[in-house]
Structures are given as structure tokens and as C-alpha cells.
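Participant: Hey, dropping target_3.json in here, JSON, C-alpha atoms:
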[["chain", "number", "residue", "atom", "x", "y", "z"],
["A", 1, "MET", "CA", 16.11, 32.33, -13.87],
["A", 2, "PRO", "CA", 12.33, 32.47, -14.52],
["A", 3, "ASP", "CA", 11.65, 30.45, -11.35],
["A", 4, "ILE", "CA", 13.29, 33.22, -9.29],
["A", 5, "PHE", "CA", 10.28, 35.47, -9.92],
["A", 6, "ASP", "CA", 7.70, 32.86, -8.96],
["A", 7, "GLU", "CA", 5.94, 33.50, -5.64],
["A", 8, "LYS", "CA", 5.10, 29.82, -5.04],
["A", 9, "ASN", "CA", 8.73, 28.83, -5.60],
["A", 10, "MET", "CA", 9.89, 31.64, -3.28],
["A", 11, "MET", "CA", 7.51, 30.62, -0.49],
["A", 12, "GLN", "CA", 8.65, 27.01, -0.79],
["A", 13, "ILE", "CA", 12.34, 27.95, -0.55],
["A", 14, "LEU", "CA", 11.81, 30.37, 2.37],
["A", 15, "GLY", "CA", 9.58, 27.80, 4.08],
["A", 16, "LYS", "CA", 12.53, 25.41, 4.47],
["A", 17, "TYR", "CA", 14.12, 27.82, 6.95],
["A", 18, "VAL", "CA", 11.07, 28.94, 8.95],
["A", 19, "PRO", "CA", 11.36, 27.83, 12.60],
["A", 20, "ASP", "CA", 8.86, 25.27, 13.90],
["A", 21, "GLY", "CA", 5.66, 26.90, 15.14],
["A", 22, "GLU", "CA", 6.10, 30.06, 13.05],
["A", 23, "THR", "CA", 4.39, 31.04, 9.80],
["A", 24, "LEU", "CA", 5.83, 32.94, 6.88],
["A", 25, "LEU", "CA", 3.92, 36.25, 6.81],
["A", 26, "ALA", "CA", 5.60, 37.91, 3.83],
["A", 27, "GLY", "CA", 8.39, 37.22, 1.36],
["A", 28, "ILE", "CA", 9.95, 39.04, -1.58],
["A", 29, "HIS", "CA", 12.73, 38.74, -4.10],
["A", 30, "ALA", "CA", 15.61, 41.07, -3.18],
["A", 31, "ILE", "CA", 19.16, 41.72, -4.30],
["A", 32, "SER", "CA", 22.06, 41.14, -1.95],
["A", 33, "LYS", "CA", 25.01, 43.47, -2.42],
["A", 34, "GLU", "CA", 27.10, 42.16, 0.49],
["A", 35, "THR", "CA", 26.71, 39.42, 3.10],
["A", 36, "ASN", "CA", 28.79, 38.75, 6.20],
["A", 37, "ILE", "CA", 27.44, 36.07, 8.54],
["A", 38, "ALA", "CA", 29.17, 35.32, 11.84],
["A", 39, "GLY", "CA", 28.54, 32.54, 14.33],
["A", 40, "ILE", "CA", 30.15, 30.54, 17.09],
["A", 41, "PHE", "CA", 29.17, 26.89, 17.39],
["A", 42, "GLY", "CA", 29.89, 24.51, 20.26],
["A", 43, "ASN", "CA", 30.10, 20.76, 20.84],
["A", 44, "CYS", "CA", 30.84, 20.04, 17.20],
["A", 45, "VAL", "CA", 33.48, 19.19, 14.65],
["A", 46, "ARG", "CA", 33.78, 20.75, 11.20],
["A", 47, "THR", "CA", 33.81, 18.70, 8.03],
["A", 48, "GLU", "CA", 34.09, 19.91, 4.45],
["A", 49, "ASP", "CA", 30.45, 21.01, 4.14],
["A", 50, "ARG", "CA", 28.88, 20.84, 7.60],
["A", 51, "LEU", "CA", 29.14, 21.03, 11.36],
["A", 52, "VAL", "CA", 28.61, 17.67, 13.05],
["A", 53, "PRO", "CA", 27.58, 17.29, 16.71],
["A", 54, "ASP", "CA", 30.26, 15.70, 18.88],
["A", 55, "GLU", "CA", 30.26, 15.57, 22.70],
["A", 56, "ASN", "CA", 34.05, 15.78, 22.60],
["A", 57, "GLY", "CA", 34.04, 18.48, 19.93],
["A", 58, "GLY", "CA", 35.05, 22.01, 20.60],
["A", 59, "LEU", "CA", 34.13, 25.46, 19.45],
["A", 60, "VAL", "CA", 34.08, 26.60, 15.84],
["A", 61, "ALA", "CA", 33.87, 30.28, 14.92],
["A", 62, "LEU", "CA", 32.65, 30.87, 11.40],
["A", 63, "GLU", "CA", 32.40, 33.82, 9.04],
["A", 64, "LYS", "CA", 30.50, 33.29, 5.81],
["A", 65, "LYS", "CA", 30.98, 36.12, 3.30],
["A", 66, "LYS", "CA", 29.93, 37.19, -0.18],
["A", 67, "TYR", "CA", 30.84, 40.55, -1.72],
["A", 68, "SER", "CA", 29.04, 40.36, -5.04],
["A", 69, "THR", "CA", 25.50, 41.02, -6.21],
["A", 70, "TYR", "CA", 23.17, 38.03, -6.17],
["A", 71, "ASP", "CA", 19.46, 37.21, -5.88],
["A", 72, "VAL", "CA", 17.91, 36.32, -2.52],
["A", 73, "TYR", "CA", 14.50, 35.87, -1.01],
["A", 74, "ILE", "CA", 13.79, 37.68, 2.24],
["A", 75, "GLY", "CA", 10.84, 36.86, 4.45],
["A", 76, "ILE", "CA", 9.46, 37.53, 7.89],
["A", 77, "THR", "CA", 7.55, 35.41, 10.37],
["A", 78, "GLN", "CA", 6.10, 36.43, 13.70],
["A", 79, "PHE", "CA", 9.57, 36.37, 15.29],
["A", 80, "SER", "CA", 12.14, 35.71, 12.57],
["A", 81, "LEU", "CA", 13.90, 37.17, 9.55],
["A", 82, "VAL", "CA", 14.56, 34.56, 6.86],
["A", 83, "ILE", "CA", 17.05, 35.06, 4.01],
["A", 84, "ALA", "CA", 17.61, 32.38, 1.38],
["A", 85, "ASP", "CA", 19.55, 32.24, -1.87],
["A", 86, "CYS", "CA", 17.40, 32.08, -5.02],
["A", 87, "GLU", "CA", 20.03, 29.94, -6.70],
["A", 88, "ARG", "CA", 23.04, 28.02, -5.48],
["A", 89, "ASN", "CA", 25.87, 30.42, -4.59],
["A", 90, "SER", "CA", 29.45, 30.16, -3.42],
["A", 91, "TYR", "CA", 30.65, 31.92, -0.29],
["A", 92, "TYR", "CA", 34.01, 32.62, 1.25],
["A", 93, "TYR", "CA", 34.35, 30.88, 4.62],
["A", 94, "GLU", "CA", 36.76, 31.69, 7.43],
["A", 95, "PHE", "CA", 37.04, 29.32, 10.39],
["A", 96, "ASP", "CA", 38.68, 29.50, 13.79],
["A", 97, "ASP", "CA", 38.71, 26.13, 15.56],
["A", 98, "ASP", "CA", 39.96, 27.63, 18.82],
["A", 99, "PRO", "CA", 38.22, 31.00, 19.20],
["A", 100, "ASP", "CA", 38.41, 33.29, 22.19],
["A", 101, "VAL", "CA", 34.67, 33.80, 22.69],
["A", 102, "GLY", "CA", 34.51, 35.89, 25.86],
["A", 103, "ASP", "CA", 30.83, 36.48, 26.57],
["A", 104, "ALA", "CA", 29.71, 35.86, 22.96],
["A", 105, "TYR", "CA", 26.70, 33.66, 22.30],
["A", 106, "VAL", "CA", 27.66, 30.04, 21.51],
["A", 107, "GLN", "CA", 25.11, 27.95, 19.63],
["A", 108, "ASP", "CA", 25.39, 24.27, 20.56],
["A", 109, "VAL", "CA", 25.12, 21.89, 17.61],
["A", 110, "ASP", "CA", 22.68, 19.05, 18.36],
["A", 111, "SER", "CA", 22.19, 17.86, 14.77],
["A", 112, "TYR", "CA", 24.36, 18.33, 11.71],
["A", 113, "VAL", "CA", 24.23, 21.78, 10.12],
["A", 114, "LEU", "CA", 25.12, 22.32, 6.48],
["A", 115, "LEU", "CA", 27.39, 25.33, 6.03],
["A", 116, "SER", "CA", 25.07, 26.47, 3.24],
["A", 117, "ASP", "CA", 22.17, 26.68, 5.74],
["A", 118, "ILE", "CA", 24.03, 28.88, 8.24],
["A", 119, "GLY", "CA", 22.76, 32.45, 8.19],
["A", 120, "THR", "CA", 19.33, 31.79, 6.75],
["A", 121, "CYS", "CA", 17.22, 32.54, 9.84],
["A", 122, "PHE", "CA", 17.62, 35.18, 12.54],
["A", 123, "SER", "CA", 15.45, 36.28, 15.42],
["A", 124, "LEU", "CA", 13.96, 39.72, 14.78],
["A", 125, "ALA", "CA", 14.97, 40.52, 18.37],
["A", 126, "ASP", "CA", 18.63, 40.00, 17.36],
["A", 127, "ILE", "CA", 18.58, 42.90, 14.89],
["A", 128, "GLU", "CA", 20.94, 45.53, 16.26],
["A", 129, "ASP", "CA", 20.20, 48.12, 13.59],
["A", 130, "CYS", "CA", 18.31, 48.40, 10.32],
["A", 131, "GLU", "CA", 18.90, 51.36, 8.05],
["A", 132, "LEU", "CA", 16.43, 51.86, 5.20],
["A", 133, "LYS", "CA", 16.88, 54.46, 2.45],
["A", 134, "LYS", "CA", 15.16, 55.27, -0.79],
["A", 135, "GLY", "CA", 17.02, 53.84, -3.76],
["A", 136, "TRP", "CA", 16.99, 54.14, -7.52],
["A", 137, "MET", "CA", 13.66, 53.74, -9.40],
["A", 138, "GLY", "CA", 11.55, 53.18, -6.29],
["A", 139, "SER", "CA", 13.77, 50.57, -4.71],
["A", 140, "VAL", "CA", 14.67, 50.55, -1.01],
["A", 141, "LYS", "CA", 18.23, 50.05, 0.21],
["A", 142, "CYS", "CA", 18.38, 48.03, 3.42],
["A", 143, "PHE", "CA", 21.41, 47.60, 5.70],
["A", 144, "ILE", "CA", 20.74, 45.11, 8.51],
["A", 145, "THR", "CA", 23.24, 44.60, 11.33],
["A", 146, "MET", "CA", 22.72, 41.76, 13.80],
["A", 147, "LYS", "CA", 23.82, 41.76, 17.44],
["A", 148, "ASN", "CA", 26.41, 39.03, 16.69],
["A", 149, "GLY", "CA", 28.12, 41.19, 14.03],
["A", 150, "SER", "CA", 26.48, 39.61, 10.98],
["A", 151, "TYR", "CA", 25.26, 42.09, 8.39],
["A", 152, "PHE", "CA", 23.43, 42.26, 5.07],
["A", 153, "LYS", "CA", 23.35, 44.98, 2.42],
["A", 154, "LEU", "CA", 20.17, 44.44, 0.43],
["A", 155, "VAL", "CA", 18.04, 46.17, -2.18],
["A", 156, "PHE", "CA", 14.27, 45.64, -2.24],
["A", 157, "PRO", "CA", 13.09, 46.29, -5.83],
["A", 158, "LYS", "CA", 9.90, 48.26, -6.37],
["A", 159, "GLN", "CA", 8.44, 45.46, -8.51],
["A", 160, "GLY", "CA", 8.71, 41.70, -8.21],
["A", 161, "GLY", "CA", 9.65, 40.85, -11.77],
["A", 162, "LEU", "CA", 7.68, 40.84, -15.00],
["A", 163, "GLY", "CA", 4.83, 38.56, -15.90],
["A", 164, "GLY", "CA", 2.78, 38.78, -12.70],
["A", 165, "ALA", "CA", 4.20, 35.66, -11.03],
["A", 166, "MET", "CA", 4.74, 37.63, -7.79],
["A", 167, "PRO", "CA", 1.33, 39.28, -7.34],
["A", 168, "HIS", "CA", 1.84, 40.15, -3.64],
["A", 169, "HIS", "CA", 5.28, 41.77, -3.99],
["A", 170, "THR", "CA", 4.23, 45.34, -3.10],
["A", 171, "GLU", "CA", 2.09, 44.24, -0.15],
["A", 172, "TYR", "CA", 4.82, 41.91, 1.18],
["A", 173, "ARG", "CA", 7.58, 44.46, 0.62],
["A", 174, "ASP", "CA", 5.64, 47.05, 2.60],
["A", 175, "ALA", "CA", 5.06, 44.52, 5.41],
["A", 176, "ILE", "CA", 8.77, 43.63, 5.58],
["A", 177, "ILE", "CA", 9.83, 47.29, 5.56],
["A", 178, "ALA", "CA", 7.32, 48.10, 8.32],
["A", 179, "ARG", "CA", 8.50, 45.13, 10.41],
["A", 180, "LEU", "CA", 12.12, 46.20, 10.03],
["A", 181, "GLY", "CA", 11.16, 49.63, 11.33],
["A", 182, "GLY", "CA", 11.06, 51.67, 8.15],
["A", 183, "SER", "CA", 7.44, 52.60, 7.72],
["A", 184, "GLY", "CA", 8.49, 56.14, 6.71],
["A", 185, "VAL", "CA", 10.68, 55.09, 3.75]]
Please go through the file and, once you have read it, give me the structure as C-alpha cells.

Facilitator:
Amino acid sequence: MPDIFDEKNMMQILGKYVPDGETLLAGIHAISKETNIAGIFGNCVRTEDRLVPDENGGLVALEKKKYSTYDVYIGITQFSLVIADCERNSYYYEFDDDPDVGDAYVQDVDSYVLLSDIGTCFSLADIEDCELKKGWMGSVKCFITMKNGSYFKLVFPKQGGLGGAMPHHTEYRDAIIARLGGSGV
């Protein structure tokens, strides 16, 4: 638990999911209240813990859900929103191996993808809506909805833990809120 409130540890964990060519500009510890990640993947087969590329593979629709409170790190780059678990968590997965996709975006799988890594990085341009409200004791409630139907209910605490191991929390929190469109919160 003490490593959760360590800025160096947070930056290292978020850094794993930052797209090539981008730089992590800000990151904070946050609390997730609810997560629902959706995606459609093509040219792959599903195994127990990953999607594997396969030229003869089909489509896999996935929903990755968690309805309990847990610790996450949230960060921003020039073009991306990055969300990573602070500790290992379990999710509820629903799969459809023969989805009717219509005009939905299908992400082709060209290298294996761990199910645990799905939903850790999103383009800021793919944010459909972001609602920010003042919360209890200076916190900010954040409800992010993505264009593909994924959503996150988050709380950004006013402080980044005790002991001073997250010295840039306020600065980074303000930068994330401003980037998500809530400079007036």
C-alpha cells in the first residue's frame, strides 16, 4: 500500500502504457468507483488471458467491468489518457466471439494483447463526454465517457497521500482537470 502513494512508482507504472513518441505530462493517484471498458478486436483468437493475432481469426467483442472502489493512476500525454491499476485487480469479462459490429471501430490485433492491458490507454480525441463536479473534502468527481461506450467513474482526491511522496499531486491534478475540460471546477 505505501508504494501506491509514491510518485516515482506511479510514473513508472503509467509509463508502461504511454504510446510511442508521447511523453507523460501529468499523473495522479485517483479512486475508481466504476469501470466499463468496451472494445472490438479483429484478426485474433481469444485465450484464457490474452488476444492472440491470427490471420484466420475472427472478431472478438469484449467488455471489461469492475463495480467496486479501487486505486488507479490516471495520467495524460500530449494526445492520450492513461489509466492503470495501482495494484493487481480482478475484472468481470464478457465476450462475444461473433459480434454484429455494424460501423463500430474494429482494432486489428497484430501482437498479443493481455486482457489486463486492455483499457489502459485512450486517445483524448475519443472522449465523448467528461463531467467534472466538486466532491467531498476538496475532491473532484470525474465521469468520462468514450466514443466506443467505455466509461469511468473516478474521484480525484485533493491530496496525494501523506508523507510527501507525491509532491506534484496538486499541479498534476490541475493539469489533468484542465485537459479534460474542467478548468472551472

Participant: At what distance in Å, to one decimal, does atom CA of Lys65 of chain A lie from atom CA of Leu124 of chain A?

Facilitator: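 Computed distance, atom CA of Leu124 of chain A to atom CA of Lys65 of chain A, equals 20.8 Å.
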
Participant: How many Å separate atom CA of Ile74 of chain A from atom CA of Val45 of chain A?

Facilitator: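 We find that atom CA of Ile74 of chain A and atom CA of Val45 of chain A lie 29.7 Å from each other.
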
Participant: Quick one: residues within 6 Å of segment 77-89 of chain A, all atoms listed in the file, excluding same-chain residues fewer than 5 positions away - as a list in words?

Facilitator: Thr23, Leu24, Leu25, Asp71, Val72, Thr120, Cys121, Phe122, Ser123 and Leu124 of chain A

Participant: Take atom CA of Ala104 of chain A and atom CA of Ile177 of chain A and report the distance between them in Å, one decimal.

Facilitator: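 These two atoms are separated by 28.8 Å.
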
Participant: For Gly42 of chain A, find every residue with an atom within 10 Å (counting only C-alpha atoms), except residues of its own chain fewer than 3 positions away, and show them as a ChimeraX atom specification.

Facilitator: /A:45,51,53-61,105-110

Participant: Write out as an MDAnalysis selection string each polymer residue whose atoms come within 9 Å of Gly161 of chain A, counting all atoms listed in the file; drop sequence neighbours fewer than 6 positions from it.

Facilitator: chainID A and resid 4:6 29 169

Participant: Any chance you could export segment 85-97 of chain A with all heavy atoms, as a tab-separated table (two decimals), in the first residue's frame?

Facilitator:
chain	number	residue	atom	x	y	z
A	85	ASP	N	-4.11	0.36	-13.06
A	85	ASP	CA	-4.36	-0.11	-11.69
A	85	ASP	C	-3.12	0.11	-10.83
A	85	ASP	O	-2.00	-0.12	-11.28
A	85	ASP	CB	-4.69	-1.59	-11.68
A	85	ASP	CG	-5.99	-1.93	-12.39
A	85	ASP	OD1	-6.75	-1.01	-12.72
A	85	ASP	OD2	-6.23	-3.14	-12.61
A	86	CYS	N	-3.31	0.53	-9.60
A	86	CYS	CA	-2.20	0.65	-8.65
A	86	CYS	C	-1.73	-0.72	-8.19
A	86	CYS	O	-0.54	-0.93	-7.95
A	86	CYS	CB	-2.62	1.47	-7.44
A	86	CYS	SG	-2.95	3.20	-7.81
A	87	GLU	N	-2.67	-1.61	-8.04
A	87	GLU	CA	-2.39	-2.98	-7.61
A	87	GLU	C	-3.14	-3.92	-8.54
A	87	GLU	O	-4.05	-3.51	-9.26
A	87	GLU	CB	-2.87	-3.20	-6.18
A	87	GLU	CG	-2.21	-2.29	-5.18
A	87	GLU	CD	-2.78	-2.47	-3.78
A	87	GLU	OE1	-4.00	-2.35	-3.61
A	87	GLU	OE2	-1.98	-2.73	-2.87
A	88	ARG	N	-2.79	-5.17	-8.50
A	88	ARG	CA	-3.47	-6.16	-9.34
A	88	ARG	C	-4.94	-6.26	-8.91
A	88	ARG	O	-5.25	-6.36	-7.73
A	88	ARG	CB	-2.78	-7.51	-9.19
A	88	ARG	CG	-3.32	-8.51	-10.15
A	88	ARG	CD	-2.59	-9.81	-10.01
A	88	ARG	NE	-3.29	-10.78	-10.83
A	88	ARG	CZ	-2.70	-11.72	-11.50
A	88	ARG	NH1	-1.41	-11.86	-11.44
A	88	ARG	NH2	-3.41	-12.55	-12.23
A	89	ASN	N	-5.83	-6.21	-9.90
A	89	ASN	CA	-7.26	-6.27	-9.64
A	89	ASN	C	-7.91	-7.34	-10.51
A	89	ASN	O	-7.37	-7.71	-11.55
A	89	ASN	CB	-7.93	-4.92	-9.95
A	89	ASN	CG	-7.67	-3.90	-8.89
A	89	ASN	OD1	-8.14	-4.04	-7.77
A	89	ASN	ND2	-6.91	-2.87	-9.22
A	90	SER	N	-9.07	-7.77	-10.11
A	90	SER	CA	-9.86	-8.70	-10.91
A	90	SER	C	-11.00	-7.93	-11.56
A	90	SER	O	-11.54	-7.00	-10.96
A	90	SER	CB	-10.44	-9.81	-10.04
A	90	SER	OG	-9.41	-10.58	-9.49
A	91	TYR	N	-11.34	-8.31	-12.76
A	91	TYR	CA	-12.42	-7.70	-13.52
A	91	TYR	C	-13.39	-8.77	-13.97
A	91	TYR	O	-13.03	-9.95	-14.06
A	91	TYR	CB	-11.88	-6.97	-14.76
A	91	TYR	CG	-11.08	-5.75	-14.45
A	91	TYR	CD1	-9.73	-5.82	-14.14
A	91	TYR	CD2	-11.68	-4.50	-14.46
A	91	TYR	CE1	-9.00	-4.69	-13.86
A	91	TYR	CE2	-10.95	-3.36	-14.18
A	91	TYR	CZ	-9.62	-3.46	-13.88
A	91	TYR	OH	-8.90	-2.34	-13.59
A	92	TYR	N	-14.58	-8.36	-14.28
A	92	TYR	CA	-15.57	-9.23	-14.89
A	92	TYR	C	-15.47	-9.01	-16.39
A	92	TYR	O	-15.53	-7.88	-16.87
A	92	TYR	CB	-16.97	-8.89	-14.38
A	92	TYR	CG	-18.06	-9.64	-15.11
A	92	TYR	CD1	-18.25	-11.00	-14.90
A	92	TYR	CD2	-18.88	-9.00	-16.02
A	92	TYR	CE1	-19.22	-11.70	-15.57
A	92	TYR	CE2	-19.86	-9.68	-16.69
A	92	TYR	CZ	-20.02	-11.04	-16.47
A	92	TYR	OH	-20.99	-11.72	-17.15
A	93	TYR	N	-15.31	-10.11	-17.14
A	93	TYR	CA	-15.18	-10.02	-18.60
A	93	TYR	C	-16.39	-10.66	-19.26
A	93	TYR	O	-16.83	-11.74	-18.85
A	93	TYR	CB	-13.93	-10.77	-19.08
A	93	TYR	CG	-12.63	-10.13	-18.67
A	93	TYR	CD1	-12.00	-10.49	-17.48
A	93	TYR	CD2	-12.04	-9.15	-19.46
A	93	TYR	CE1	-10.80	-9.90	-17.10
A	93	TYR	CE2	-10.84	-8.56	-19.10
A	93	TYR	CZ	-10.23	-8.94	-17.92
A	93	TYR	OH	-9.04	-8.35	-17.55
A	94	GLU	N	-16.90	-10.00	-20.28
A	94	GLU	CA	-17.93	-10.58	-21.15
A	94	GLU	C	-17.36	-10.58	-22.56
A	94	GLU	O	-16.77	-9.59	-23.01
A	94	GLU	CB	-19.20	-9.73	-21.13
A	94	GLU	CG	-20.00	-9.84	-19.86
A	94	GLU	CD	-21.29	-9.03	-19.92
A	94	GLU	OE1	-21.63	-8.47	-20.98
A	94	GLU	OE2	-21.95	-8.94	-18.88
A	95	PHE	N	-17.53	-11.71	-23.26
A	95	PHE	CA	-17.01	-11.84	-24.62
A	95	PHE	C	-18.13	-12.21	-25.57
A	95	PHE	O	-19.07	-12.91	-25.20
A	95	PHE	CB	-15.96	-12.96	-24.68
A	95	PHE	CG	-14.76	-12.71	-23.83
A	95	PHE	CD1	-14.66	-13.27	-22.55
A	95	PHE	CD2	-13.72	-11.92	-24.28
A	95	PHE	CE1	-13.56	-13.05	-21.76
A	95	PHE	CE2	-12.61	-11.69	-23.49
A	95	PHE	CZ	-12.53	-12.26	-22.23
A	96	ASP	N	-18.00	-11.76	-26.80
A	96	ASP	CA	-18.86	-12.19	-27.89
A	96	ASP	C	-17.92	-12.50	-29.04
A	96	ASP	O	-17.25	-11.61	-29.58
A	96	ASP	CB	-19.85	-11.08	-28.27
A	96	ASP	CG	-20.83	-11.52	-29.35
A	96	ASP	OD1	-20.63	-12.59	-29.96
A	96	ASP	OD2	-21.79	-10.76	-29.60
A	97	ASP	N	-17.83	-13.79	-29.41
A	97	ASP	CA	-16.90	-14.21	-30.46
A	97	ASP	C	-17.50	-14.10	-31.85
A	97	ASP	O	-16.85	-14.44	-32.83
A	97	ASP	CB	-16.44	-15.65	-30.19
A	97	ASP	CG	-15.58	-15.74	-28.93
A	97	ASP	OD1	-14.83	-14.78	-28.66
A	97	ASP	OD2	-15.68	-16.75	-28.22
